[in-house]
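J.: Quick one: this structure, given as structure tokens, is what I'll be asking you about.
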Amino acid sequence: MSISVIPENTGFHATWFMDGTTGSVQKNIVLYLQKGVIDKVDTIISGQPVKSGVADFTGCTILPGFIDSHVHLFMSGTRDKKIREHQLHAGYADMRSVIARHLGQALACGVFAVRDGGDYNAHAWQYKMAAEAAPADRVLFNVAGRGWRNNGRYGKLVGRPPAGGQTLAEAILVDSDRIDHVKIINSGLNSLKQYGKETLPQFDLPTMRAAVSAAKQLGLKTMVHANGRLPVKIAIDAGCSSIEHGFFMGVENLQKMADQQVAWVPTAITMLAYSEKLDPNSTEAGIARRNCDHQLEQMALARKYGVPVVLGTDAGSLGVHHGASVRRELALLIEAGFSIPEAVRCGTHNGAKLLGLTHSGDLRRGKEATFIVVEGPPSGLVDGLGKIKAFYIKGRRVF
Ligand SMILES: [Zn+2]
């Protein structure tokens, strides 16, 4: 007896190909899969007919699925004050569908993994715990739960101070149940009144060192929100895994991050989005735009020095929408001087390293076949990502 099965495609031809690791673009390739994993990448002669069973994406680019390494799943990018206010205070029952929607928006934009930067009520964490029981979500998400901040300092929305009498390290050791990474806030926000104003660090170096080593003891990485020279310096010297935002961190910190290979998630789109939402003639809009421009200069230096730059959007910030902001941050990386394959690497391979995703994040042999198909050559990628032709996760077509 024979059983006829309609086979899924195991080969994919594309005119252009970026594997997420190299700075170059390959032409006329066929990507072969076995059980959802990349088996090999062949080059074919241009114009040669595509073999039967191979999906023909002539005129298209294949690249890895994206990772957004800084999001807040509990908040939407909307500027509607009522909605934002509601999301800040709503209970988990209301937030479940909001978080699901945000993950769906990420998926629709070719994002297969996100790293959450925390929320005060740990709703993203709660969602993950529930989803683990019923693995319905296709987007992987790493969660921080509730982040940490110092008493009386910035960060109420995403974190809390250690309980009375506890050091930060002690607090981390007793309150990190089933989180994926530790989030620490070590500065304030960018000022929109005074350009380049730096805030004081929230924690000193010994406190931060102890905190990072407590996290390491639990096998966890630390993501540190830090803007300005001193807050960033302390986080780097303490051995943190990544600097989040890092506005106005300065050249010395960038060099040190290159030396020590500390990841940097610049989230430049946050300031551009702010500038677009404010009255264009206001001081605040002007400063937000200058903050973004300054960040692009720092990103150019980071590229030159070899800092592992990672794409993250801070989705949930005002005007920063889940999913859709990924291609905007990608455009900013390119504006800062990254080549298109280099910018893609920030949003794929580099993100996977930071999230600890060892089986995905690029399209080399042996990795999961999670990839996007976009019409046209890589030079049109940013526009092309606005209308993704196909998205495959582990070899299965998602759309
Ligand atoms: Zn954030």
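Labels used: A, B, ... for chains in the order of the structure tokens, numbers from 1 for residues in each chain, and numbers from 1 for ligands as shown.
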Counting only C-alpha atoms and all ligand atoms, what are the residues, protein, DNA or RNA alike, that approach ligand 1 to within 10 Å? I want them as a list in words.
T.: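 If we count only C-alpha atoms and all ligand atoms, the neighbours of ligand 1 turn out to be Ser69, His70, Val71, His72, Asp116, Gly117, Gly118, Asp119, Gly155, Leu157, Val158, Lys183, Ile185, Val224, His225, Glu244, His245, Thr267, Thr270, Gly312, Thr313, Asp314, Ala315, Gly316 and Ser317 of chain A.
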J.: So the first atom is CA of Ala124 (chain A) and the second is CA of Ile372 (chain A); what is the distance between them in Å, to one decimal place?
T.: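 Atom-to-atom, CA of Ala124 (chain A) and CA of Ile372 (chain A) are spaced 26.0 Å apart.
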J.: Between CA of Ala93 (chain A) and CA of Gln126 (chain A), what is the spacing in Å?
T.: 10.6 Å
J.: Counting only C-alpha atoms, which residues of region 212-319 of chain A fall within 8 Å of region 78-92 of chain A, and what is the closest atom pair for each with its distance in Å at one decimal, ordered by chain and rising number, as a tab-separated table?
T.:
residue	atom	partner	partner_atom	distance
A:Lys277	CA	A:Arg79	CA	7.8
A:Gly316	CA	A:Thr78	CA	7.8
A:Leu318	CA	A:Arg79	CA	5.8
A:Gly319	CA	A:Thr78	CA	5.7
J.: Quote the spacing between CA of Thr199 (chain A) and CA of Cys240 (chain A) in Å to one decimal place.
T.: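 Separating CA of Thr199 (chain A) from CA of Cys240 (chain A) is a distance of 19.2 Å.
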J.: Please provide the set of residues having any atom within 12 Å of Lys233 (chain A), restricted to only C-alpha atoms, with same-chain residues fewer than 2 positions apart removed, written as JSON, numbers by chain.
T.: {"A": [186, 187, 200, 201, 203, 204, 205, 208, 209, 224, 225, 226, 227, 228, 229, 230, 231, 235, 236, 237, 238, 239, 240, 242, 243, 246, 248, 249, 250, 251, 252, 253, 254, 255, 256, 257, 262]}
J.: For Lys367 (chain A), find every residue with an atom within 9 Å (counting only C-alpha atoms), except residues of its own chain fewer than 5 positions away, and show them as a PyMOL selection string.
T.: chain A and resi 36-39+358-362+394
J.: Suppose we keep C-alpha atoms; can you now write the selection as a short mmCIF file (atom, residue, chain, number, x, y, z; two decimals), in the first residue's frame?
T.:
data_model
loop_
_atom_site.label_atom_id
_atom_site.label_comp_id
_atom_site.auth_asym_id
_atom_site.auth_seq_id
_atom_site.Cartn_x
_atom_site.Cartn_y
_atom_site.Cartn_z
CA GLY A 36 13.28 22.11 9.31
CA VAL A 37 17.03 22.53 9.58
CA ILE A 38 19.40 23.99 6.96
CA ASP A 39 21.15 21.12 5.22
CA THR A 358 22.04 28.53 19.73
CA HIS A 359 19.94 26.83 17.04
CA SER A 360 18.65 29.89 15.22
CA GLY A 361 19.52 33.45 14.26
CA ASP A 362 21.36 32.75 11.02
CA LYS A 394 11.74 25.88 11.30
#
J.: Could you check which of A:Leu33, A:Asn9, A:Thr22, A:Val212 is closest to Gly53 (chain A), using only C-alpha atoms?
T.: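 For Gly53 (chain A), the nearest of the given residues is A:Asn9.
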J.: Check the smallest atom-to-atom distance from each of A:Gly366, A:Gly376, A:Gly384, A:Gly306 to Cys109 (chain A) using only C-alpha atoms, then report the winner.
T.: A:Gly384
J.: Kindly assemble as a Markdown table a list of the region 112-206 of chain A residues that lie within 12 Å of region 100-108 of chain A, each paired with its nearest atom pair and their distance in Å to one decimal, using only C-alpha atoms, sorted first by chain and then by ascending residue number.
T.:
| residue | atom | partner | partner_atom | distance |
| --- | --- | --- | --- | --- |
| A:Phe112 | CA | A:Leu107 | CA | 6.0 |
| A:Ala113 | CA | A:Ala106 | CA | 8.3 |
| A:Val114 | CA | A:Ala106 | CA | 8.3 |
| A:Arg115 | CA | A:Leu103 | CA | 11.2 |
| A:Asp116 | CA | A:Leu103 | CA | 11.1 |
| A:His123 | CA | A:Ala100 | CA | 11.4 |
| A:Ala124 | CA | A:Ala100 | CA | 9.8 |
| A:Tyr127 | CA | A:Ala100 | CA | 8.7 |
| A:Lys128 | CA | A:Ala100 | CA | 10.4 |
| A:Ala130 | CA | A:Ala100 | CA | 11.8 |
| A:Ala131 | CA | A:Ala100 | CA | 10.1 |
| A:Ala136 | CA | A:Ala100 | CA | 10.0 |
| A:Asp137 | CA | A:Leu103 | CA | 7.9 |
| A:Arg138 | CA | A:Leu107 | CA | 7.9 |
| A:Val139 | CA | A:Leu103 | CA | 6.4 |
| A:Leu140 | CA | A:Leu103 | CA | 8.9 |
| A:Phe141 | CA | A:Leu103 | CA | 8.7 |
J.: Give the alpha helix (DSSP H) residues of region 69-131 of chain A, as assigned by DSSP on the backbone, as a PyMOL selection string.
T.: chain A and resi 81-89+92-108+123-131
J.: Looking at A:Asp68, A:Leu218, A:Lys35, A:Phe12, which one is nearest to Lys51 (chain A), with distances taken over only C-alpha atoms?
T.: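 Residue with the minimum atom-to-atom distance to Lys51 (chain A): A:Phe12.
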J.: From a DSSP calculation on the backbone, collect every residue of region 124-182 of chain A in strand (DSSP E or B) and output the set as a list in words.
T.: Leu140, Phe141, Asn142, Gly147, Trp148, Gly159, Arg160, His181 and Val182 of chain A
J.: Take the residues from that selection and write them out as an mmCIF file, in the first residue's frame, keeping C-alpha atoms.
T.:
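Result saved to selection38.cif:
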data_model
loop_
_atom_site.group_PDB
_atom_site.id
_atom_site.type_symbol
_atom_site.label_atom_id
_atom_site.label_comp_id
_atom_site.auth_asym_id
_atom_site.auth_seq_id
_atom_site.Cartn_x
_atom_site.Cartn_y
_atom_site.Cartn_z
ATOM 1 C CA LEU A 140 9.827 32.963 21.265
ATOM 2 C CA PHE A 141 10.069 35.495 24.032
ATOM 3 C CA ASN A 142 12.587 35.874 26.802
ATOM 4 C CA GLY A 147 13.147 44.790 36.567
ATOM 5 C CA TRP A 148 15.198 46.422 39.303
ATOM 6 C CA GLY A 159 10.892 47.695 37.806
ATOM 7 C CA ARG A 160 10.929 47.931 41.582
ATOM 8 C CA HIS A 181 17.465 37.465 32.200
ATOM 9 C CA VAL A 182 17.824 40.150 34.861
#
J.: Counting only C-alpha atoms, which of A:Lys193, A:Lys27, A:His349, A:His13 gets nearest to Val50 (chain A)?
T.: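 Once distances to Val50 (chain A) are computed over only C-alpha atoms, the minimum belongs to A:His13.
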